[in-house]
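Asker: Got a file for you: target_20.cif, mmCIF, C-alpha atoms.
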```cif
data_start
#
loop_
_atom_site.group_PDB
_atom_site.id
_atom_site.type_symbol
_atom_site.label_atom_id
_atom_site.label_comp_id
_atom_site.auth_asym_id
_atom_site.auth_seq_id
_atom_site.Cartn_x
_atom_site.Cartn_y
_atom_site.Cartn_z
ATOM 1 C CA MET A 4 -91.596 8.071 -19.457
ATOM 2 C CA HIS A 5 -90.172 11.590 -18.929
ATOM 3 C CA GLY A 6 -92.389 12.657 -21.841
ATOM 4 C CA LEU A 7 -90.425 10.649 -24.408
ATOM 5 C CA ALA A 8 -92.066 8.068 -26.609
ATOM 6 C CA ALA A 9 -91.155 4.428 -26.141
ATOM 7 C CA SER A 10 -88.557 2.870 -28.439
ATOM 8 C CA ARG A 11 -89.826 0.338 -30.979
ATOM 9 C CA PHE A 12 -88.312 -3.144 -31.369
ATOM 10 C CA GLN A 13 -89.442 -5.817 -33.828
ATOM 11 C CA LEU A 14 -88.854 -9.411 -32.767
ATOM 12 C CA GLN A 15 -86.533 -11.229 -35.177
ATOM 13 C CA PRO A 16 -86.205 -14.959 -35.939
ATOM 14 C CA GLY A 17 -84.122 -16.728 -33.334
ATOM 15 C CA PRO A 18 -83.990 -19.445 -30.679
ATOM 16 C CA TRP A 19 -85.626 -17.361 -27.956
ATOM 17 C CA ALA A 20 -88.659 -18.625 -26.067
ATOM 18 C CA THR A 21 -89.654 -15.297 -24.540
ATOM 19 C CA VAL A 22 -89.526 -11.592 -25.315
ATOM 20 C CA LEU A 23 -87.196 -11.239 -22.336
ATOM 21 C CA ASP A 24 -84.742 -13.712 -23.878
ATOM 22 C CA ALA A 25 -84.757 -11.814 -27.182
ATOM 23 C CA LEU A 26 -84.160 -8.445 -25.515
ATOM 24 C CA CYS A 27 -81.253 -9.828 -23.492
ATOM 25 C CA ALA A 28 -79.691 -11.248 -26.666
ATOM 26 C CA HIS A 29 -80.100 -8.057 -28.717
ATOM 27 C CA PHE A 30 -79.013 -5.656 -25.940
ATOM 28 C CA PRO A 31 -76.188 -7.507 -24.144
ATOM 29 C CA ALA A 32 -75.033 -4.349 -22.349
ATOM 30 C CA ILE A 33 -78.307 -4.376 -20.368
ATOM 31 C CA GLY A 34 -78.397 -7.133 -17.743
ATOM 32 C CA ARG A 35 -81.218 -9.660 -17.473
ATOM 33 C CA GLU A 36 -82.199 -8.401 -14.011
ATOM 34 C CA THR A 37 -82.503 -4.871 -15.400
ATOM 35 C CA TRP A 38 -84.879 -6.112 -18.100
ATOM 36 C CA ARG A 39 -86.877 -8.116 -15.527
ATOM 37 C CA ASP A 40 -87.229 -4.962 -13.440
ATOM 38 C CA ARG A 41 -88.512 -3.044 -16.471
ATOM 39 C CA PHE A 42 -91.092 -5.759 -17.159
ATOM 40 C CA ALA A 43 -92.179 -5.646 -13.506
ATOM 41 C CA ARG A 44 -92.666 -1.862 -13.682
ATOM 42 C CA GLY A 45 -94.635 -1.964 -16.936
ATOM 43 C CA ARG A 46 -91.857 -0.474 -19.060
ATOM 44 C CA VAL A 47 -92.102 -3.108 -21.820
ATOM 45 C CA LEU A 48 -95.300 -2.960 -23.882
ATOM 46 C CA ASP A 49 -96.987 -4.796 -26.726
ATOM 47 C CA ASN A 50 -98.203 -3.139 -29.925
ATOM 48 C CA SER A 51 -101.438 -2.024 -28.246
ATOM 49 C CA GLY A 52 -99.614 -0.333 -25.386
ATOM 50 C CA SER A 53 -100.372 -3.003 -22.790
ATOM 51 C CA PRO A 54 -97.550 -4.029 -20.412
ATOM 52 C CA LEU A 55 -95.947 -7.401 -21.110
ATOM 53 C CA GLY A 56 -94.957 -9.924 -18.455
ATOM 54 C CA GLU A 57 -91.435 -11.308 -18.358
ATOM 55 C CA HIS A 58 -92.731 -14.709 -19.538
ATOM 56 C CA ALA A 59 -94.453 -13.274 -22.657
ATOM 57 C CA SER A 60 -93.832 -15.563 -25.634
ATOM 58 C CA HIS A 61 -91.476 -14.599 -28.421
ATOM 59 C CA LYS A 62 -93.381 -14.205 -31.710
ATOM 60 C CA VAL A 63 -91.397 -13.410 -34.844
ATOM 61 C CA GLY A 64 -92.455 -10.099 -36.392
ATOM 62 C CA ALA A 65 -94.277 -8.825 -33.323
ATOM 63 C CA GLU A 66 -93.597 -5.204 -32.373
ATOM 64 C CA ILE A 67 -92.865 -4.315 -28.787
ATOM 65 C CA TYR A 68 -92.040 -0.999 -27.148
ATOM 66 C CA TYR A 69 -89.749 -0.227 -24.248
ATOM 67 C CA TYR A 70 -88.622 2.878 -22.377
ATOM 68 C CA ARG A 71 -84.934 3.686 -22.306
ATOM 69 C CA GLU A 72 -83.550 4.270 -18.821
ATOM 70 C CA VAL A 73 -80.180 5.318 -17.436
ATOM 71 C CA GLN A 74 -79.792 4.813 -13.709
ATOM 72 C CA THR A 75 -76.740 7.047 -13.242
ATOM 73 C CA GLU A 76 -77.668 9.929 -15.560
ATOM 74 C CA LEU A 77 -76.464 13.241 -14.137
ATOM 75 C CA PRO A 78 -78.157 16.604 -14.778
ATOM 76 C CA LEU A 79 -76.462 18.921 -17.274
ATOM 77 C CA GLN A 80 -76.217 22.588 -16.317
ATOM 78 C CA ALA A 81 -75.995 23.855 -19.909
ATOM 79 C CA GLN A 82 -79.266 25.454 -20.995
ATOM 80 C CA GLU A 83 -80.812 25.746 -24.438
ATOM 81 C CA THR A 84 -82.486 28.894 -25.806
ATOM 82 C CA ILE A 85 -85.606 28.923 -27.982
ATOM 83 C CA ILE A 86 -84.882 31.047 -31.060
ATOM 84 C CA HIS A 87 -88.229 30.598 -32.829
ATOM 85 C CA ILE A 88 -91.436 28.603 -32.587
ATOM 86 C CA ASP A 89 -94.475 28.375 -34.869
ATOM 87 C CA GLU A 90 -97.048 25.738 -35.766
ATOM 88 C CA HIS A 91 -94.489 23.774 -37.792
ATOM 89 C CA LEU A 92 -91.004 24.412 -36.408
ATOM 90 C CA ILE A 93 -89.090 24.826 -33.174
ATOM 91 C CA VAL A 94 -85.651 26.409 -33.581
ATOM 92 C CA VAL A 95 -83.233 26.065 -30.674
ATOM 93 C CA ASP A 96 -79.790 27.387 -29.768
ATOM 94 C CA LYS A 97 -78.127 24.240 -28.390
ATOM 95 C CA PRO A 98 -75.255 24.559 -25.902
ATOM 96 C CA HIS A 99 -72.102 22.463 -25.987
ATOM 97 C CA PHE A 100 -72.257 19.008 -24.349
ATOM 98 C CA LEU A 101 -76.060 18.620 -24.577
ATOM 99 C CA PRO A 102 -77.092 15.620 -26.740
ATOM 100 C CA VAL A 103 -79.943 16.136 -29.209
ATOM 101 C CA ILE A 104 -81.539 12.691 -28.845
ATOM 102 C CA PRO A 105 -81.242 9.845 -26.318
ATOM 103 C CA SER A 106 -78.068 7.833 -26.790
ATOM 104 C CA GLY A 107 -75.445 6.151 -24.639
ATOM 105 C CA GLY A 108 -75.753 7.430 -21.081
ATOM 106 C CA TYR A 109 -78.217 10.210 -21.922
ATOM 107 C CA VAL A 110 -82.011 9.935 -21.913
ATOM 108 C CA THR A 111 -83.702 12.687 -19.918
ATOM 109 C CA GLU A 112 -80.780 15.125 -20.237
ATOM 110 C CA THR A 113 -81.167 15.538 -23.990
ATOM 111 C CA LEU A 114 -82.452 18.449 -26.019
ATOM 112 C CA LEU A 115 -85.374 16.412 -27.351
ATOM 113 C CA ALA A 116 -86.469 15.313 -23.869
ATOM 114 C CA ARG A 117 -86.223 18.869 -22.572
ATOM 115 C CA LEU A 118 -88.393 20.182 -25.419
ATOM 116 C CA VAL A 119 -90.979 17.438 -24.895
ATOM 117 C CA ARG A 120 -91.248 18.353 -21.210
ATOM 118 C CA ARG A 121 -91.185 22.091 -21.897
ATOM 119 C CA PHE A 122 -94.056 22.080 -24.370
ATOM 120 C CA ALA A 123 -96.100 19.242 -22.882
ATOM 121 C CA GLY A 124 -98.915 21.622 -21.898
ATOM 122 C CA SER A 125 -98.936 23.608 -25.146
ATOM 123 C CA PHE A 126 -99.473 20.950 -27.828
ATOM 124 C CA ASP A 127 -98.845 17.273 -28.432
ATOM 125 C CA SER A 128 -95.124 17.416 -27.752
ATOM 126 C CA ARG A 129 -94.725 13.756 -28.718
ATOM 127 C CA TRP A 130 -94.601 14.976 -32.329
ATOM 128 C CA ILE A 131 -91.336 16.910 -31.803
ATOM 129 C CA VAL A 132 -88.684 15.389 -34.088
ATOM 130 C CA PRO A 133 -85.193 16.703 -34.991
ATOM 131 C CA LEU A 134 -84.828 17.584 -38.675
ATOM 132 C CA HIS A 135 -81.046 17.165 -38.869
ATOM 133 C CA ARG A 136 -78.013 16.135 -36.799
ATOM 134 C CA LEU A 137 -75.828 18.135 -34.458
ATOM 135 C CA ASP A 138 -73.085 16.458 -32.438
ATOM 136 C CA ARG A 139 -73.333 16.483 -28.652
ATOM 137 C CA LEU A 140 -70.088 18.465 -28.418
ATOM 138 C CA THR A 141 -71.150 21.024 -31.059
ATOM 139 C CA ALA A 142 -73.231 24.076 -30.140
ATOM 140 C CA GLY A 143 -75.585 26.168 -32.242
ATOM 141 C CA VAL A 144 -78.760 26.225 -34.302
ATOM 142 C CA MET A 145 -80.925 23.101 -34.299
ATOM 143 C CA LEU A 146 -84.291 22.680 -36.082
ATOM 144 C CA PHE A 147 -87.148 20.462 -34.918
ATOM 145 C CA SER A 148 -90.450 19.633 -36.590
ATOM 146 C CA SER A 149 -93.508 19.814 -34.347
ATOM 147 C CA ASN A 150 -96.158 19.071 -36.970
ATOM 148 C CA PRO A 151 -96.292 15.614 -38.610
ATOM 149 C CA ALA A 152 -98.452 16.991 -41.445
ATOM 150 C CA THR A 153 -95.601 19.184 -42.761
ATOM 151 C CA ARG A 154 -92.567 17.302 -41.471
ATOM 152 C CA ALA A 155 -91.696 15.565 -44.750
ATOM 153 C CA GLN A 156 -91.506 18.882 -46.595
ATOM 154 C CA TYR A 157 -88.910 20.248 -44.164
ATOM 155 C CA GLN A 158 -87.008 16.952 -44.036
ATOM 156 C CA ALA A 159 -86.690 17.095 -47.827
ATOM 157 C CA LEU A 160 -84.759 20.369 -47.560
ATOM 158 C CA PHE A 161 -81.953 18.642 -45.692
ATOM 159 C CA ARG A 162 -82.103 15.472 -47.766
ATOM 160 C CA THR A 163 -81.639 17.447 -50.998
ATOM 161 C CA HIS A 164 -78.877 19.677 -49.517
ATOM 162 C CA VAL A 165 -80.665 22.982 -50.173
ATOM 163 C CA VAL A 166 -80.315 24.289 -46.613
ATOM 164 C CA GLU A 167 -77.480 26.817 -46.360
ATOM 165 C CA LYS A 168 -75.518 25.833 -43.245
ATOM 166 C CA ARG A 169 -72.855 28.098 -41.755
ATOM 167 C CA TYR A 170 -70.463 27.003 -39.012
ATOM 168 C CA GLU A 171 -67.586 28.652 -37.199
ATOM 169 C CA ALA A 172 -64.539 26.848 -35.813
ATOM 170 C CA ILE A 173 -61.367 27.815 -33.981
ATOM 171 C CA ALA A 174 -58.356 25.825 -35.182
ATOM 172 C CA PRO A 175 -54.623 26.200 -35.921
ATOM 173 C CA PRO A 176 -53.562 28.397 -38.867
ATOM 174 C CA LEU A 177 -53.157 27.015 -42.382
ATOM 175 C CA PRO A 178 -50.809 29.677 -43.806
ATOM 176 C CA LEU A 179 -49.935 27.723 -46.957
ATOM 177 C CA ALA A 180 -53.548 27.117 -48.005
ATOM 178 C CA SER A 181 -55.390 29.301 -50.506
ATOM 179 C CA PHE A 182 -58.800 30.560 -49.333
ATOM 180 C CA PRO A 183 -61.649 30.204 -49.911
ATOM 181 C CA LEU A 184 -60.949 26.490 -50.001
ATOM 182 C CA GLU A 185 -63.213 23.778 -51.372
ATOM 183 C CA CYS A 186 -62.692 20.526 -49.508
ATOM 184 C CA ARG A 187 -63.959 17.359 -51.188
ATOM 185 C CA SER A 188 -63.248 13.989 -49.578
ATOM 186 C CA ARG A 189 -64.597 10.507 -49.014
ATOM 187 C CA LEU A 190 -65.729 9.749 -45.460
ATOM 188 C CA VAL A 191 -66.565 6.271 -44.179
ATOM 189 C CA ARG A 192 -67.356 4.648 -40.872
ATOM 190 C CA GLY A 193 -64.317 4.303 -38.640
ATOM 191 C CA ASP A 194 -63.163 2.017 -35.865
ATOM 192 C CA PRO A 195 -64.425 2.241 -33.170
ATOM 193 C CA PHE A 196 -67.903 2.611 -34.673
ATOM 194 C CA PHE A 197 -68.528 6.156 -33.405
ATOM 195 C CA LEU A 198 -65.642 7.566 -35.425
ATOM 196 C CA THR A 199 -65.492 8.628 -39.071
ATOM 197 C CA ARG A 200 -62.376 8.379 -41.230
ATOM 198 C CA GLN A 201 -61.250 9.891 -44.510
ATOM 199 C CA VAL A 202 -60.188 7.491 -47.271
ATOM 200 C CA ASP A 203 -59.268 7.563 -50.948
ATOM 201 C CA GLY A 204 -62.110 7.274 -53.424
ATOM 202 C CA GLU A 205 -65.100 9.070 -54.884
ATOM 203 C CA PRO A 206 -65.841 12.148 -52.711
ATOM 204 C CA ASN A 207 -69.069 12.046 -50.706
ATOM 205 C CA ALA A 208 -68.408 15.025 -48.409
ATOM 206 C CA PHE A 209 -68.116 18.639 -49.597
ATOM 207 C CA THR A 210 -67.316 21.717 -47.463
ATOM 208 C CA ARG A 211 -66.408 25.303 -48.341
ATOM 209 C CA ILE A 212 -63.854 26.804 -45.941
ATOM 210 C CA ASP A 213 -62.815 30.429 -45.447
ATOM 211 C CA VAL A 214 -60.954 32.449 -42.805
ATOM 212 C CA LEU A 215 -62.949 34.964 -40.770
ATOM 213 C CA GLU A 216 -60.346 36.070 -38.233
ATOM 214 C CA ARG A 217 -56.662 35.494 -37.521
ATOM 215 C CA SER A 218 -54.348 35.512 -34.525
ATOM 216 C CA GLU A 219 -50.826 34.192 -34.148
ATOM 217 C CA ASP A 220 -51.796 30.768 -32.813
ATOM 218 C CA ALA A 221 -55.356 30.251 -34.067
ATOM 219 C CA TRP A 222 -57.738 31.237 -36.827
ATOM 220 C CA ARG A 223 -61.491 31.533 -36.831
ATOM 221 C CA TYR A 224 -62.775 29.587 -39.820
ATOM 222 C CA GLY A 225 -66.080 29.876 -41.615
ATOM 223 C CA LEU A 226 -67.309 26.438 -42.682
ATOM 224 C CA ALA A 227 -70.165 25.829 -45.113
ATOM 225 C CA PRO A 228 -70.915 22.100 -45.425
ATOM 226 C CA VAL A 229 -72.950 21.151 -48.475
ATOM 227 C CA THR A 230 -73.289 17.516 -47.416
ATOM 228 C CA GLY A 231 -74.023 16.310 -43.898
ATOM 229 C CA ARG A 232 -71.760 13.340 -43.151
ATOM 230 C CA LYS A 233 -71.171 12.325 -39.542
ATOM 231 C CA HIS A 234 -68.363 14.445 -38.016
ATOM 232 C CA GLN A 235 -67.708 15.863 -41.481
ATOM 233 C CA LEU A 236 -66.238 19.201 -40.404
ATOM 234 C CA ARG A 237 -64.153 17.714 -37.619
ATOM 235 C CA VAL A 238 -62.633 15.021 -39.835
ATOM 236 C CA GLN A 239 -61.933 17.329 -42.776
ATOM 237 C CA MET A 240 -60.309 20.038 -40.654
ATOM 238 C CA ALA A 241 -58.099 17.466 -38.931
ATOM 239 C CA ALA A 242 -57.122 15.984 -42.317
ATOM 240 C CA LEU A 243 -56.100 19.452 -43.530
ATOM 241 C CA GLY A 244 -53.751 19.795 -40.554
ATOM 242 C CA ALA A 245 -55.952 22.141 -38.530
ATOM 243 C CA PRO A 246 -57.921 20.021 -36.022
ATOM 244 C CA ILE A 247 -60.651 21.985 -34.252
ATOM 245 C CA GLN A 248 -59.607 23.093 -30.778
ATOM 246 C CA ASN A 249 -60.505 20.760 -27.894
ATOM 247 C CA ASP A 250 -61.650 17.929 -30.162
ATOM 248 C CA PRO A 251 -61.335 14.664 -28.171
ATOM 249 C CA LEU A 252 -61.814 12.471 -31.272
ATOM 250 C CA TYR A 253 -59.826 13.934 -34.165
ATOM 251 C CA PRO A 254 -57.095 13.573 -35.228
ATOM 252 C CA GLN A 255 -56.573 11.236 -32.238
ATOM 253 C CA LEU A 256 -59.043 9.652 -29.830
ATOM 254 C CA VAL A 257 -58.491 11.065 -26.336
ATOM 255 C CA ASP A 258 -60.040 9.643 -23.177
ATOM 256 C CA GLN A 259 -62.004 12.588 -21.803
ATOM 257 C CA THR A 260 -64.310 11.247 -19.092
ATOM 258 C CA PRO A 261 -65.976 13.186 -17.635
ATOM 259 C CA ASP A 262 -66.394 16.111 -20.036
ATOM 260 C CA ASP A 263 -64.142 19.094 -19.395
ATOM 261 C CA LEU A 264 -66.800 21.811 -19.345
ATOM 262 C CA GLU A 265 -64.099 24.498 -19.391
ATOM 263 C CA ARG A 266 -62.787 23.232 -22.731
ATOM 264 C CA PRO A 267 -65.714 22.881 -25.155
ATOM 265 C CA LEU A 268 -65.189 21.866 -28.760
ATOM 266 C CA LYS A 269 -64.630 25.120 -30.642
ATOM 267 C CA LEU A 270 -67.297 24.384 -33.241
ATOM 268 C CA LEU A 271 -70.538 26.360 -33.578
ATOM 269 C CA ALA A 272 -73.472 25.951 -35.962
ATOM 270 C CA ARG A 273 -73.773 29.672 -36.616
ATOM 271 C CA SER A 274 -76.825 29.783 -38.896
ATOM 272 C CA LEU A 275 -79.294 27.931 -41.109
ATOM 273 C CA ALA A 276 -81.083 29.476 -44.091
ATOM 274 C CA PHE A 277 -83.613 28.013 -46.523
ATOM 275 C CA VAL A 278 -86.611 28.762 -48.685
ATOM 276 C CA ASP A 279 -89.680 27.701 -46.738
ATOM 277 C CA PRO A 280 -91.458 24.896 -48.642
ATOM 278 C CA LEU A 281 -94.869 26.057 -47.392
ATOM 279 C CA ASP A 282 -94.939 29.720 -48.428
ATOM 280 C CA GLY A 283 -91.738 30.341 -50.420
ATOM 281 C CA SER A 284 -90.302 32.860 -47.947
ATOM 282 C CA THR A 285 -86.579 32.974 -47.164
ATOM 283 C CA ARG A 286 -85.917 32.047 -43.557
ATOM 284 C CA THR A 287 -82.663 32.494 -41.639
ATOM 285 C CA PHE A 288 -82.004 31.480 -38.049
ATOM 286 C CA GLY A 289 -78.800 32.425 -36.240
ATOM 287 C CA SER A 290 -77.111 31.441 -33.006
ATOM 288 C CA GLY A 291 -76.547 33.920 -30.192
ATOM 289 C CA LEU A 292 -73.571 31.934 -28.896
ATOM 290 C CA THR A 293 -69.926 32.823 -29.482
ATOM 291 C CA LEU A 294 -66.597 30.991 -29.589
ATOM 292 C CA ALA A 295 -63.885 32.546 -27.424
ATOM 293 C CA PHE A 296 -60.967 33.785 -29.520
ATOM 294 C CA PRO A 297 -57.537 35.291 -28.619
ATOM 295 C CA ASN A 298 -57.594 39.049 -28.022
ATOM 296 C CA SER A 299 -54.786 39.540 -30.512
ATOM 297 C CA ALA A 300 -57.044 38.563 -33.390
ATOM 298 C CA ASN A 301 -57.053 40.602 -36.590
ATOM 299 C CA ARG A 302 -59.429 40.592 -39.499
ATOM 300 C CA PRO A 303 -57.998 38.979 -42.667
#
```
Please re-express this file's structure in structure tokens.

Answerer:
Amino acid sequence: MHGLAASRFQLQPGPWATVLDALCAHFPAIGRETWRDRFARGRVLDNSGSPLGEHASHKVGAEIYYYREVQTELPLQAQETIIHIDEHLIVVDKPHFLPVIPSGGYVTETLLARLVRRFAGSFDSRWIVPLHRLDRLTAGVMLFSSNPATRAQYQALFRTHVVEKRYEAIAPPLPLASFPLECRSRLVRGDPFFLTRQVDGEPNAFTRIDVLERSEDAWRYGLAPVTGRKHQLRVQMAALGAPIQNDPLYPQLVDQTPDDLERPLKLLARSLAFVDPLDGSTRTFGSGLTLAFPNSANRP
């Protein structure tokens, strides 16, 4: 559906008589009538790709597939830009507010879905897979694998932290800090679940921070994360006393529904650089986007 592959779900032990019962139990936010409608339209499949009926028996261990749907999904005006494409990689400049993968209320209006539709006539676009994370509210460089034969080699670059990642952020000044600054902290899952929090303990998140530009009320920071924890830069900057401008989550959760498109999070994935595992060449990809900064800015 919409070019995206179906989601996989393995039936677990439980008291359910049918697949429908199991799906309703595991996804309580989706009503039974919604699931029945998906069965009726052939949107729930068995392991061979054949549509299941709503009375299909529950069998522990069986794999089923279903298509995610959002009835009220609105189109996003923000447009991505293709930076580079070859037989292995697709490199994209992602705008603010565009999710990378389906989640929450976004399915078709995601970067992955757009790429699948865009390249459907060029190659088997079902093989497009993101190689790393980039928050919905963050803009900048995003890498995708388009070749399953070489995907693991590129994934290993991120897993072993050998990709040089450069970000920019606009945030309040830290006049008492000494730069460049090495920030080491321990980040864990927060409450609610989509948040991250900083706690005492063995550090598991490491970022190098410098100042690129100064004005009276804000500085442009250069951020180089070595690790890739969820919301790492946003949490660490807030903990230092310089929360990134327009952040609705840190240091305090703010109800911002719908998105204020005039006030994007001032965080940009400026560039990615790495040694290509296939031919040993050095590759660097940079964003063409910019973060608005006060006119009174001065170089440090």

Asker: Please expand the PyMOL selection byres ((chain A and resi 228) around 7) into the concrete residues it hits in this file, giving the result as a PyMOL selection string.

Answerer: chain A and resi 168+209-211+226-227+229-231

Asker: I want to know what sits within 12 Å of Val191 of chain A, based on all atoms listed in the file, with residues of the same chain fewer than 4 positions away left out; could you give that as a VMD selection string?

Answerer: chain A and resid 195 to 208 232 to 235 238

Asker: Here's the selection I'm unsure about, the PyMOL selection byres ((chain A and resi 184) around 8); applied to the file above, which residues does it give, as a list in words?

Answerer: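 Checked against the file, the PyMOL selection byres ((chain A and resi 184) around 8) matches Ala180, Ser181, Phe182, Pro183, Glu185, Cys186, Arg211, Ile212 and Asp213 of chain A.
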
Asker: Atom CA of Leu268 of chain A and atom CA of His87 of chain A, how far apart in Å?

Answerer: 25.0 Å

Asker: Please measure the separation of atom CA of Tyr70 of chain A and atom CA of Phe12 of chain A, giving the value in Å to one decimal.

Answerer: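 The value is 10.8 Å.
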
Asker: Quick one: which residues end up in the PyMOL selection byres ((chain A and resi 126-135) around 7) for this structure, as a PyMOL selection string?

Answerer: chain A and resi 7-8+119+122-125+136-137+146-151+158

Asker: Go through A:Leu77, A:Leu101, A:Ala172, A:Ala9 and flag the residue nearest Ala241 of chain A, using all atoms listed in the file for the distances.

Answerer: A:Ala172

Asker: Segment 29-46 of chain A, all listed atoms, 8 Å padding on each side: what axis-aligned box centre and edge lengths in Å to one decimal come out, as lines of an AutoDock Vina configuration file?

Answerer:
```
center_x = -84.8
center_y = -5.1
center_z = -21.1
size_x = 35.6
size_y = 25.2
size_z = 31.3
```
